[in-house]
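Everything below concerns the one structure shown next.
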Amino acid sequence: MQHYGLNELRKMYLDFFESKGHLVMGSFPLVPKNDKSLLLINAGMAPLKPYFTGQEVPPKERLVTCQKCIRTGDIENVGKTDRHGTFFEMLGNFSFGDYFKKDAILWAWEFFIDVLKVPKELLYASVYEEDDDAFGLWKELTDIDPTHVVKMGKADNFWEHGSGPCGPCSEIYYDRGAKYGCDDPSCTVGCECDRYVEVWNLVFTQFEKTDDGRYLDLPNPNIDTGMGLERLAIMMQDAESFFTIDTLKKVLDKVCQLADKVYKGDKHTDISLRLITDHIRSVVFMTSDGILPSNEGRGYVLRRLLRRAARHGRLIGIKGLFLETLAKEVIETSYDAYPELKAKESYILKILSVEEERFNETIDQGLTILNTYIEELEADGKKELSGERAFKLYDTYGFPLDLTLEIMEEKGLLVDEAGFKSEMQAHRVRARDAREETNYMGANVTVYNQLNPEMITEFDGYDKLLGVGKVLTLTSADAIVESAGEGDSIGIFVDKTPFYATSGGQHNDYGIMTSNNAEIEILDVKKVMGNKIAHIGKVISGSVKVGDTVKLIVDAKNRYQIAKNHSTTHLLQKALKRIVGDHIEQAGSSVNADRLRFDFTHFQALTAAELKAVEDEVNHMIELGLPVVTENMAIDEAKKKGAMALFGEKYGDSVRVVSMGDYSMELCGGTHISNTSEAGLIKIISEQGVAAGVRRIEALTSDAAINYYKEQEALVSDIAGLIKVDKQAVIQKIENMLADIKSLQSENEKLKSKLATGAVDDLINQIEKIGPVEILVTRVPDTDMNGLREMGDQFKQKLTNGIVVLITASEGKVNLLAMVSDEAIKLGAHAGHIIKEVASVVGGGGGGRPNMAQAGGKLPEKINDALAKAKEVIQSQL
């Protein structure tokens, strides 16, 4: 059997089904669109749900894709076996009411026999036990050995996911030979060994399962197939496993080289080698789709995968940062099929390097925290770390449970694993709730789900603000209606509109819609499923009904201000890339008539110098008066010209490109000015962090920027009036005032120190003795924590073998301090333990080292009880 590489197999599959009349579509991003049921795309059909349900019309009735997917349900097993992985590619051919079982089975056989030249005696097929059609078709249409077609039960050969589309399936198996089998003489399809491997699943979606469990025939059955590309490569390369096919082996070999290890040399090392090889693929593809490491949602998945890989690198002796090196290998083996990897390479490498560096710092911090926990356990005579603390190490510090277990075992200590699992389960429930699981589509059901999928709205408002359209549908909040009258809130769908619907970060247009009988104020415009545009408004007068011809009038001033801000956002992104770094990528934007907001990937605050340079460059481009030109062109042509694309967006074959002179070129569907000079100027008013690795700039243009400068000038005038100087002298006057304040504060601290010294002398006569140890437990007048520490230091100087506990009330709160000399520590005294028990009396908490500890409380009325408790604890320690 001929050997084919993974990249060859992908192309052969797509080419074959293209020859059968299928439209080849590129992989959708890993981030689901309008689907809250998934964190990440996990199957080839997942992005195609709207086509299967009929809520959207597919671009063609026959589609074929190779979809990148991530599944983390078995993440704990990745590395431990050579079967499990998190990232894979899913080949799939789909029919939406076109061909059905006959062609699906025939073409699958043809691809294996005629294209890949697989010996037919090595192929098997399973069908659902009640699907006589499929059982018969395999025998009628193909020359498969009839004994190789087997019937299986619902658990194996019927696809369903709750209510919604479902149906029987037929799976194609490949016999890898006796060397991969078991010793059972009855071993055949369905055995748990590695001999008979399921390669391709043909799902015949012919039923709609109702909420009450009934199966109704679909009027137009669909075909949904899935074949793991890596699994196909294992078959065609006779590879031992997932990790030894051509593309993954290159990554695995690089890991071995960095670690100076040999694969299959040691079973524990192999776990790490496989885990790193798998996880680096996932993090590269996730990052390329705009996912950033974070502590929640898909960002948490990315962070967890990346940190697991980084930690296993440490375990097998890889020194320093290494994920960037491996990422380059992944990009090199995959960019032919996924050119975005090469286009975003510098960005991907930057994200991975920064996160790996942070993890190295975090894991060291986690070790420090764990050592503190161990000290406390030993001091309290306990042997088990709580599940809550183990999970805190895991969740907050990225410290894996297995590492905690390993370290605790070395110390002869235990971990409450059941408690950890309980905390983990609670975390998963919170994450699942945050995903808002809803219906099969993963979206809340609204009135828009009832719309005719054939209905579309044409947007024709790039070059005009007036239009005429025909009312196709009207909706209330929860129903499709025929008409609406004065005072009604209504959704209006027309055949064509100049109104821009919110998308791509640009805010919608406002305006009015009129007919012979009605005037409607348009308050919102939004895109809904299937290229439909909803005009949300209120009927001001008269009534409107389906079939009416309406005039659509866009608010020109609002549109123009939005266009100024949108065009300036393009200039801003280009300036950031040029001045701050090429790793800058758009992470979100919001553009309305009042201001622009631009989120971008970066890992630290911009300096004042960088902000000024960016603002100056954008203003220079505005001043130059660059022509703003929009063109429609093929996506490949746009990319060749260097047009910037957004992360997580799937573009069609034809795209709209917005260019500003030779300075900026972006794929963009928004509205723009015709010359950069129309923006007037830009003023950046804020720059801040909004998430891990994401910064946000807010800025004003045109009249809004001018008004901002006027407000700032008025503010300076008001300040000058308050401090009674001319505006030109404001800075000097404030500097002088700050110097005076600093001098007064210094004098104040000196006075407080003198008072503390006096107070120490007054309290010396309260010293008691327990054996050789001098004890001072007392309340001092209104003093802050700094004052307490200063007094404590003075007492320690006077008591060579002593214990000091000071308590004070200040502004309704309690401050506590304990200090213990070295001699007293040798006798059993511990400041941290003293303060922990005493603080609980005043409703607080705290702790610290054996020689010094502090705490706060909120019950001043309990101070006398706390003083008594302190003496009791000291007595017990000595």
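Ordered as shown in the structure tokens, chains take letters A, B, and onward, while each chain numbers its residues from 1 and ligands are numbered from 1 in the order shown.
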Long-range neighbours of range 15-21 of chain A as a PDB file with C-alpha atoms, in the first residue's frame, 10 Å cut-off, only C-alpha atoms, 6 positions minimum in chain:
ATOM      1  CA  LEU A   9      -3.916  13.020   2.272  1.00  0.00           C
ATOM      2  CA  LYS A  60     -23.904  24.945  -1.856  1.00  0.00           C
ATOM      3  CA  GLU A  61     -25.833  21.745  -1.106  1.00  0.00           C
ATOM      4  CA  ARG A  62     -22.579  19.768  -1.176  1.00  0.00           C
ATOM      5  CA  LEU A  63     -19.667  20.906   0.996  1.00  0.00           C
ATOM      6  CA  VAL A  64     -16.311  19.396   1.938  1.00  0.00           C
ATOM      7  CA  THR A  65     -13.991  20.662   4.674  1.00  0.00           C
ATOM      8  CA  GLY A  92     -15.819  15.773   6.267  1.00  0.00           C
ATOM      9  CA  ASN A  93     -18.107  15.720   3.240  1.00  0.00           C
ATOM     10  CA  PHE A  94     -21.638  17.030   3.762  1.00  0.00           C
ATOM     11  CA  ASP A 103     -23.640   8.242  -2.778  1.00  0.00           C
ATOM     12  CA  TRP A 107     -17.882   7.600  -2.709  1.00  0.00           C
ATOM     13  CA  ALA A 108     -16.314   6.512   0.572  1.00  0.00           C
ATOM     14  CA  GLU A 110     -14.267   4.772  -4.194  1.00  0.00           C
ATOM     15  CA  PHE A 111     -11.943   7.069  -2.238  1.00  0.00           C
ATOM     16  CA  VAL A 115      -7.743   6.902  -4.861  1.00  0.00           C
TER      17      VAL A 115
END
All strand (DSSP E) residues (DSSP, backbone) inside range 189-409 of chain A, as a ChimeraX atom specification:
/A:196-209,215-228,384-385
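Every protein, DNA or RNA residue with an atom at most 9 Å from Glu240 in chain A, where only C-alpha atoms count and chain neighbours fewer than 4 positions away do not, is listed here: Asp82, Tyr180, Ile234, Thr244 and Ile245 of chain A.
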Mind checking DSSP for range 588-800 of chain A and telling me the alpha helix (DSSP H) residues as a VMD selection string?
chain A and resid 608 to 624 635 to 640 702 to 723 730 to 763 785 to 798
Set the distance at 12 Å and use only C-alpha atoms: which residues neighbour Met852 in chain A once local chain neighbours fewer than 5 positions away are removed? I'd like the list as an MDAnalysis selection string.
chainID A and resid 788:789 792:793 796 803:806 816:822 825 829:836 846:847
How would the residues just chosen look if you wrote them out with C-alpha atoms as a CSV table (one decimal), in the first residue's frame?
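Once written, selection-v7.csv looks like this:
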chain,number,residue,atom,x,y,z
A,788,LEU,CA,2.9,49.6,66.3
A,789,ARG,CA,5.9,48.2,64.4
A,792,GLY,CA,7.6,46.8,68.9
A,793,ASP,CA,11.2,47.3,67.6
A,796,LYS,CA,12.7,44.2,71.4
A,803,ILE,CA,7.7,38.6,73.9
A,804,VAL,CA,5.7,41.7,72.9
A,805,VAL,CA,2.0,41.7,72.0
A,806,LEU,CA,0.6,45.2,71.2
A,816,LEU,CA,-2.4,43.6,66.4
A,817,LEU,CA,1.4,43.0,66.5
A,818,ALA,CA,3.5,40.2,68.0
A,819,MET,CA,7.3,40.1,68.3
A,820,VAL,CA,9.4,37.3,69.8
A,821,SER,CA,13.1,37.4,70.5
A,822,ASP,CA,15.4,34.6,69.3
A,825,ILE,CA,11.7,31.2,70.0
A,829,ALA,CA,7.3,30.8,71.4
A,830,HIS,CA,6.0,31.6,67.9
A,831,ALA,CA,4.7,35.0,66.9
A,832,GLY,CA,2.6,33.7,64.0
A,833,HIS,CA,0.7,31.2,66.1
A,834,ILE,CA,0.1,33.8,68.9
A,835,ILE,CA,-1.3,36.4,66.5
A,836,LYS,CA,-3.5,33.8,64.7
A,846,GLY,CA,-3.5,37.0,60.2
A,847,GLY,CA,-0.2,35.3,60.8
Show me, as a JSON list (two decimals) with N, CA, C and O atoms, in the first residue's frame, the residues that have an atom within 9 Å of Thr502 in chain A when counting only C-alpha atoms, minus same-chain residues fewer than 2 positions from it.
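The resulting file, around-v5.json, is reproduced below:
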[["chain", "number", "residue", "atom", "x", "y", "z"],
["A", 500, "TYR", "N", -26.60, 50.47, 8.06],
["A", 500, "TYR", "CA", -25.49, 49.58, 8.44],
["A", 500, "TYR", "C", -25.85, 48.91, 9.77],
["A", 500, "TYR", "O", -26.21, 49.57, 10.74],
["A", 504, "GLY", "N", -18.38, 43.93, 13.01],
["A", 504, "GLY", "CA", -16.98, 44.30, 12.86],
["A", 504, "GLY", "C", -16.53, 45.40, 13.79],
["A", 504, "GLY", "O", -15.55, 46.10, 13.51],
["A", 505, "GLY", "N", -17.24, 45.57, 14.91],
["A", 505, "GLY", "CA", -16.89, 46.62, 15.86],
["A", 505, "GLY", "C", -17.53, 47.96, 15.58],
["A", 505, "GLY", "O", -17.45, 48.88, 16.40],
["A", 506, "GLN", "N", -18.17, 48.11, 14.40],
["A", 506, "GLN", "CA", -18.81, 49.39, 14.06],
["A", 506, "GLN", "C", -20.26, 49.40, 14.53],
["A", 506, "GLN", "O", -21.01, 48.46, 14.27],
["A", 507, "HIS", "N", -20.64, 50.48, 15.19],
["A", 507, "HIS", "CA", -21.99, 50.65, 15.70],
["A", 507, "HIS", "C", -22.97, 50.86, 14.54],
["A", 507, "HIS", "O", -22.61, 51.34, 13.47],
["A", 508, "ASN", "N", -24.22, 50.47, 14.78],
["A", 508, "ASN", "CA", -25.24, 50.58, 13.74],
["A", 508, "ASN", "C", -25.63, 52.03, 13.43],
["A", 508, "ASN", "O", -25.40, 52.95, 14.22],
["A", 509, "ASP", "N", -26.26, 52.20, 12.28],
["A", 509, "ASP", "CA", -26.85, 53.49, 11.91],
["A", 509, "ASP", "C", -28.14, 53.74, 12.68],
["A", 509, "ASP", "O", -28.78, 52.81, 13.18],
["A", 524, "ASP", "N", -32.08, 50.69, 16.37],
["A", 524, "ASP", "CA", -31.03, 49.67, 16.37],
["A", 524, "ASP", "C", -31.12, 48.91, 15.05],
["A", 524, "ASP", "O", -32.20, 48.76, 14.48],
["A", 525, "VAL", "N", -29.99, 48.45, 14.57],
["A", 525, "VAL", "CA", -29.95, 47.64, 13.34],
["A", 525, "VAL", "C", -28.96, 46.52, 13.60],
["A", 525, "VAL", "O", -27.81, 46.78, 13.97],
["A", 526, "LYS", "N", -29.40, 45.28, 13.44],
["A", 526, "LYS", "CA", -28.48, 44.19, 13.73],
["A", 526, "LYS", "C", -28.65, 43.05, 12.74],
["A", 526, "LYS", "O", -29.72, 42.84, 12.17],
["A", 527, "LYS", "N", -27.55, 42.32, 12.54],
["A", 527, "LYS", "CA", -27.57, 41.15, 11.67],
["A", 527, "LYS", "C", -28.10, 39.96, 12.46],
["A", 527, "LYS", "O", -27.75, 39.77, 13.63]]
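Compared by their closest atoms to Arg578 in chain A, and using only C-alpha atoms, the residues A:Leu776, A:Ile553, A:Val618, A:Leu248 rank with A:Val618 nearest.
Ranking A:Leu859, A:Ala518, A:Leu626, A:Leu123 by their shortest atom-to-atom distance to Glu198 in chain A, with only C-alpha atoms included, puts A:Leu123 first.
Of the listed residues A:His148, A:Gly297, A:Pro219, A:Val773, the one whose atoms come nearest to Lys36 in chain A is A:Gly297, with distances taken using only C-alpha atoms.
For the residues A:Ala587, A:Met90, A:Leu606, A:Ile682, ranking by smallest atom-to-atom distance to Glu230 in chain A using only C-alpha atoms places A:Met90 first.
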Would you mind listing what lies within 10 Å of Gln573 in chain A as an NGL selection string, with only C-alpha atoms counted and same-chain residues fewer than 5 positions away left out?
:A and (568 or 578 or 584-586 or 598-600 or 614 or 618 or 644 or 664 or 666)
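As for CA of Val118 in chain A and CA of Tyr335 in chain A, they are spaced 28.1 Å apart.
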Contacts of Asp133 in chain A within 10 Å, only C-alpha atoms, excl. fewer than 5 positions in-chain, as a PDB file with N, CA and C atoms, in the first residue's frame:
ATOM      1  N   LYS A 101     -27.624   8.171   1.414  1.00  0.00           N
ATOM      2  CA  LYS A 101     -26.824   7.000   1.791  1.00  0.00           C
ATOM      3  C   LYS A 101     -26.070   6.389   0.607  1.00  0.00           C
ATOM      4  N   LYS A 102     -26.762   6.287  -0.533  1.00  0.00           N
ATOM      5  CA  LYS A 102     -26.165   5.609  -1.686  1.00  0.00           C
ATOM      6  C   LYS A 102     -24.841   6.247  -2.084  1.00  0.00           C
ATOM      7  N   VAL A 127     -22.951  -1.052  10.482  1.00  0.00           N
ATOM      8  CA  VAL A 127     -24.174  -0.268  10.273  1.00  0.00           C
ATOM      9  C   VAL A 127     -25.066  -0.448  11.498  1.00  0.00           C
ATOM     10  N   TYR A 128     -26.013   0.484  11.651  1.00  0.00           N
ATOM     11  CA  TYR A 128     -26.976   0.383  12.749  1.00  0.00           C
ATOM     12  C   TYR A 128     -27.858  -0.841  12.529  1.00  0.00           C
ATOM     13  N   TRP A 138     -24.248  -1.407   1.135  1.00  0.00           N
ATOM     14  CA  TRP A 138     -22.844  -1.817   1.170  1.00  0.00           C
ATOM     15  C   TRP A 138     -22.610  -3.054   0.299  1.00  0.00           C
TER      16      TRP A 138
END
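When only C-alpha atoms are used to compute distances to Arg176 in chain A, the closest of the residues A:Met236, A:Ala134, A:Leu405, A:Met152 turns out to be A:Met236.
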